[in-house]
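Participant: Below is the file protein.tsv, with TSV, C-alpha atoms.
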chain	number	residue	atom	x	y	z
A	13	MET	CA	9.55	-16.94	-17.85
A	14	LYS	CA	12.59	-16.22	-15.65
A	15	ASN	CA	11.99	-12.49	-16.08
A	16	MET	CA	8.40	-12.86	-14.86
A	17	GLY	CA	9.56	-14.70	-11.75
A	18	LEU	CA	12.23	-12.09	-11.04
A	19	ALA	CA	9.73	-9.28	-11.61
A	20	ALA	CA	7.25	-10.91	-9.22
A	21	LEU	CA	9.96	-11.37	-6.59
A	22	LEU	CA	11.10	-7.75	-6.89
A	23	PHE	CA	7.51	-6.53	-6.70
A	24	THR	CA	6.89	-8.62	-3.58
A	25	VAL	CA	10.07	-7.41	-1.86
A	26	THR	CA	9.37	-3.79	-2.78
A	27	ALA	CA	5.76	-4.05	-1.61
A	28	CYS	CA	6.91	-5.42	1.74
A	29	MET	CA	9.35	-2.56	2.20
A	30	HIS	CA	6.84	0.23	1.47
A	31	ARG	CA	4.32	0.76	4.22
A	32	PRO	CA	1.73	3.37	3.31
A	33	ALA	CA	0.76	5.84	6.01
A	34	PRO	CA	-2.51	5.18	7.80
A	35	VAL	CA	-5.39	7.39	6.66
A	36	ALA	CA	-7.88	8.83	9.15
A	37	PRO	CA	-11.54	7.97	8.74
A	38	PRO	CA	-13.77	10.50	6.93
A	39	GLU	CA	-15.35	11.76	10.17
A	40	ILE	CA	-11.95	12.93	11.40
A	41	ALA	CA	-10.97	14.40	8.03
A	42	GLN	CA	-14.20	16.45	7.98
A	43	GLY	CA	-13.07	18.36	11.08
A	44	ILE	CA	-9.71	19.36	9.60
A	45	GLN	CA	-9.41	22.81	8.07
A	46	PHE	CA	-6.28	23.59	6.08
A	47	PRO	CA	-4.65	26.95	6.82
A	48	GLU	CA	-4.50	29.77	4.30
A	49	TRP	CA	-1.28	28.86	2.50
A	50	SER	CA	1.36	31.56	2.40
A	51	LYS	CA	5.09	31.42	1.91
A	52	ALA	CA	5.67	33.69	4.91
A	53	ALA	CA	3.85	31.31	7.29
A	54	SER	CA	5.37	28.13	5.83
A	55	THR	CA	8.71	26.39	5.75
A	56	THR	CA	9.76	25.81	2.16
A	57	VAL	CA	11.90	22.82	1.30
A	58	GLN	CA	12.81	23.15	-2.35
A	59	GLY	CA	12.82	20.18	-4.73
A	60	PRO	CA	16.55	19.31	-4.57
A	61	GLN	CA	16.55	19.61	-0.78
A	62	LEU	CA	13.39	17.51	-0.51
A	63	LYS	CA	14.98	14.82	-2.68
A	64	ALA	CA	18.17	14.96	-0.60
A	65	LEU	CA	16.20	14.71	2.63
A	66	GLN	CA	14.40	11.58	1.41
A	67	ILE	CA	17.67	9.96	0.28
A	68	ALA	CA	19.41	10.75	3.58
A	69	LEU	CA	16.42	9.58	5.61
A	70	ASP	CA	16.18	6.29	3.69
A	71	ASP	CA	19.90	5.73	4.32
A	72	PHE	CA	19.79	6.76	7.99
A	73	MET	CA	16.60	4.83	8.81
A	74	PRO	CA	15.96	2.32	6.02
A	75	PRO	CA	12.33	1.36	5.41
A	76	GLY	CA	11.43	-1.87	7.17
A	77	ARG	CA	14.11	-1.47	9.84
A	78	ASN	CA	12.87	-2.78	13.17
A	79	THR	CA	14.01	-2.21	16.73
A	80	PRO	CA	15.76	-5.33	18.09
A	81	GLY	CA	13.46	-7.29	20.39
A	82	ASP	CA	15.86	-7.15	23.34
A	83	ALA	CA	16.68	-3.45	22.91
A	84	ASP	CA	17.28	-1.26	25.94
A	85	PRO	CA	15.27	1.98	26.34
A	86	MET	CA	17.97	4.16	24.69
A	87	THR	CA	18.17	1.89	21.63
A	88	ARG	CA	14.37	1.85	21.34
A	89	CYS	CA	14.40	5.64	21.56
A	90	LEU	CA	17.10	6.04	18.88
A	91	PHE	CA	15.22	3.71	16.52
A	92	GLN	CA	12.23	6.10	16.48
A	93	LEU	CA	12.16	8.74	13.76
A	94	THR	CA	10.29	11.11	16.07
A	95	THR	CA	13.36	11.27	18.33
A	96	TYR	CA	15.23	13.29	15.67
A	97	ASP	CA	15.20	16.76	14.21
A	98	ALA	CA	16.61	17.28	10.71
A	99	TRP	CA	18.71	20.32	9.88
A	100	VAL	CA	18.81	21.08	6.14
A	101	GLN	CA	21.20	23.55	4.51
A	102	PRO	CA	21.56	24.19	0.78
A	103	GLY	CA	25.08	24.12	-0.67
A	104	ASP	CA	26.66	24.46	-4.11
A	105	LYS	CA	24.86	21.80	-6.20
A	106	MET	CA	24.32	19.79	-3.01
A	107	THR	CA	22.33	19.74	0.20
A	108	PHE	CA	23.70	19.19	3.68
A	109	ILE	CA	21.52	17.34	6.16
A	110	HIS	CA	22.10	16.56	9.81
A	111	PHE	CA	19.85	14.33	11.90
A	112	THR	CA	20.18	15.19	15.57
A	113	PRO	CA	18.54	13.17	18.34
A	114	LEU	CA	16.66	14.79	21.21
A	115	GLU	CA	16.48	11.68	23.38
A	116	ASP	CA	16.22	13.63	26.63
A	117	GLU	CA	13.33	15.78	25.40
A	118	ARG	CA	11.49	13.18	23.29
A	119	CYS	CA	12.11	9.98	25.29
A	120	GLY	CA	12.83	11.28	28.79
A	121	LEU	CA	16.28	9.68	28.75
A	122	ARG	CA	19.64	11.16	29.70
A	123	SER	CA	21.98	11.20	26.73
A	124	GLU	CA	24.66	8.52	26.96
A	125	VAL	CA	26.37	9.27	23.66
A	126	MET	CA	27.83	12.51	22.33
A	127	ASP	CA	25.80	12.53	19.10
A	128	ALA	CA	23.94	9.54	17.79
A	129	GLY	CA	22.89	11.54	14.74
A	130	ALA	CA	24.35	11.60	11.25
A	131	SER	CA	25.41	14.18	8.67
A	132	TYR	CA	25.02	13.87	4.91
A	133	ALA	CA	26.11	15.75	1.80
A	134	ILE	CA	23.75	14.82	-1.05
A	135	SER	CA	24.29	16.04	-4.62
A	136	ASP	CA	21.40	17.61	-6.53
A	137	ASP	CA	21.63	14.46	-8.72
A	138	GLY	CA	20.75	12.33	-5.69
A	139	VAL	CA	24.19	10.88	-4.87
A	140	ILE	CA	25.39	10.56	-1.27
A	141	LEU	CA	28.69	12.43	-1.53
A	142	LYS	CA	29.64	12.03	2.12
A	143	ARG	CA	28.14	10.72	5.36
A	144	GLU	CA	29.41	10.76	8.90
Please render this file's structure as structure tokens.
Facilitator:
Amino acid sequence: MKNMGLAALLFTVTACMHRPAPVAPPEIAQGIQFPEWSKAASTTVQGPQLKALQIALDDFMPPGRNTPGDADPMTRCLFQLTTYDAWVQPGDKMTFIHFTPLEDERCGLRSEVMDAGASYAISDDGVILKRE
């Protein structure tokens, strides 16, 4: 019985943390035409790098994280994922990722900090080897 209660609690907590993306109504989807897929016209993020990017992103901006209610404009800007670009570089059995903010371009604010981003080294096994 204890295991059922724990399982229900974990399910509830996990469900609260995962917020599925909104899906457009069918009338909007009907007007979307996918491009002809080609490697030359696409950016390829290989499996280990994709896994590393997800791990780094979840660490950098954990799901369910909210902007403080009394936040100033710069803090609100830095709490938005769309403020950042991600640089991804493959390494030897690891992936390097750097999140860099573009607060001036994306929020119309003058940068007050040198670099509010973060750098990660993630192993191909999914372990954060280093962050700064």
Participant: Need the shell around A:Asp136: protein/DNA/RNA residues with any atom at most 10 Å away, counting all atoms listed in the file. Skip same-chain ones fewer than 6 positions apart. Format as a list in words?
Facilitator: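 Listed by chain and then number, they are Gly59, Pro60, Gln61, Lys63, Ala64, Pro102, Gly103, Asp104, Lys105, Met106 and Thr107 of chain A.
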Participant: Find the residues near A:Asp97: any atom within 12 Å, counting all atoms listed in the file, skip ones fewer than 2 places away on the same chain, and give them as a ChimeraX atom specification.
Facilitator: /A:65,69,90,92-95,99-100,109-115,117-118,128-131
Participant: Let me make sure I understand: among A:Asp116, A:Phe91, A:Ile44, A:Ala133, which one has the smallest atom-to-atom distance to A:Gly76 if we use only C-alpha atoms?
Facilitator: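 Once distances to A:Gly76 are computed over only C-alpha atoms, the minimum belongs to A:Phe91.
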Participant: So how far away is atom CA of A:Ala33 from atom CA of A:Met73, in Å?
Facilitator: 16.1 Å
Participant: With a distance cut-off of 12 Å and only C-alpha atoms, select the neighbouring residues of A:Pro74, excluding the residue or stretch itself and same-chain residues fewer than 2 positions from it, and output the selection as a PDB file with C-alpha atoms, keeping the file's coordinate frame.
Facilitator:
ATOM      1  CA  MET A  29       9.350  -2.560   2.200  1.00  0.00           C
ATOM      2  CA  HIS A  30       6.840   0.230   1.470  1.00  0.00           C
ATOM      3  CA  ARG A  31       4.320   0.760   4.220  1.00  0.00           C
ATOM      4  CA  GLN A  66      14.400  11.580   1.410  1.00  0.00           C
ATOM      5  CA  ILE A  67      17.670   9.960   0.280  1.00  0.00           C
ATOM      6  CA  ALA A  68      19.410  10.750   3.580  1.00  0.00           C
ATOM      7  CA  LEU A  69      16.420   9.580   5.610  1.00  0.00           C
ATOM      8  CA  ASP A  70      16.180   6.290   3.690  1.00  0.00           C
ATOM      9  CA  ASP A  71      19.900   5.730   4.320  1.00  0.00           C
ATOM     10  CA  PHE A  72      19.790   6.760   7.990  1.00  0.00           C
ATOM     11  CA  GLY A  76      11.430  -1.870   7.170  1.00  0.00           C
ATOM     12  CA  ARG A  77      14.110  -1.470   9.840  1.00  0.00           C
ATOM     13  CA  ASN A  78      12.870  -2.780  13.170  1.00  0.00           C
ATOM     14  CA  THR A  79      14.010  -2.210  16.730  1.00  0.00           C
ATOM     15  CA  PHE A  91      15.220   3.710  16.520  1.00  0.00           C
ATOM     16  CA  GLN A  92      12.230   6.100  16.480  1.00  0.00           C
ATOM     17  CA  LEU A  93      12.160   8.740  13.760  1.00  0.00           C
TER      18      LEU A  93
END
Participant: Please compute the atom CA of A:Arg122-atom CA of A:Arg143 distance, one decimal, in Å.
Facilitator: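 Separation of atom CA of A:Arg122 and atom CA of A:Arg143: 25.8 Å.
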Participant: Work out how far atom CA of A:Met86 is from atom CA of A:Ile140, in Å to one decimal.
Facilitator: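 Separating atom CA of A:Ile140 from atom CA of A:Met86 is a distance of 27.7 Å.
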Participant: Which of these, A:Ala52, A:Tyr132, A:Leu121, A:Pro32, has the shortest distance to A:Ala98 once you count all atoms listed in the file?
Facilitator: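 The shortest atom-to-atom distance to A:Ala98 comes from A:Tyr132.
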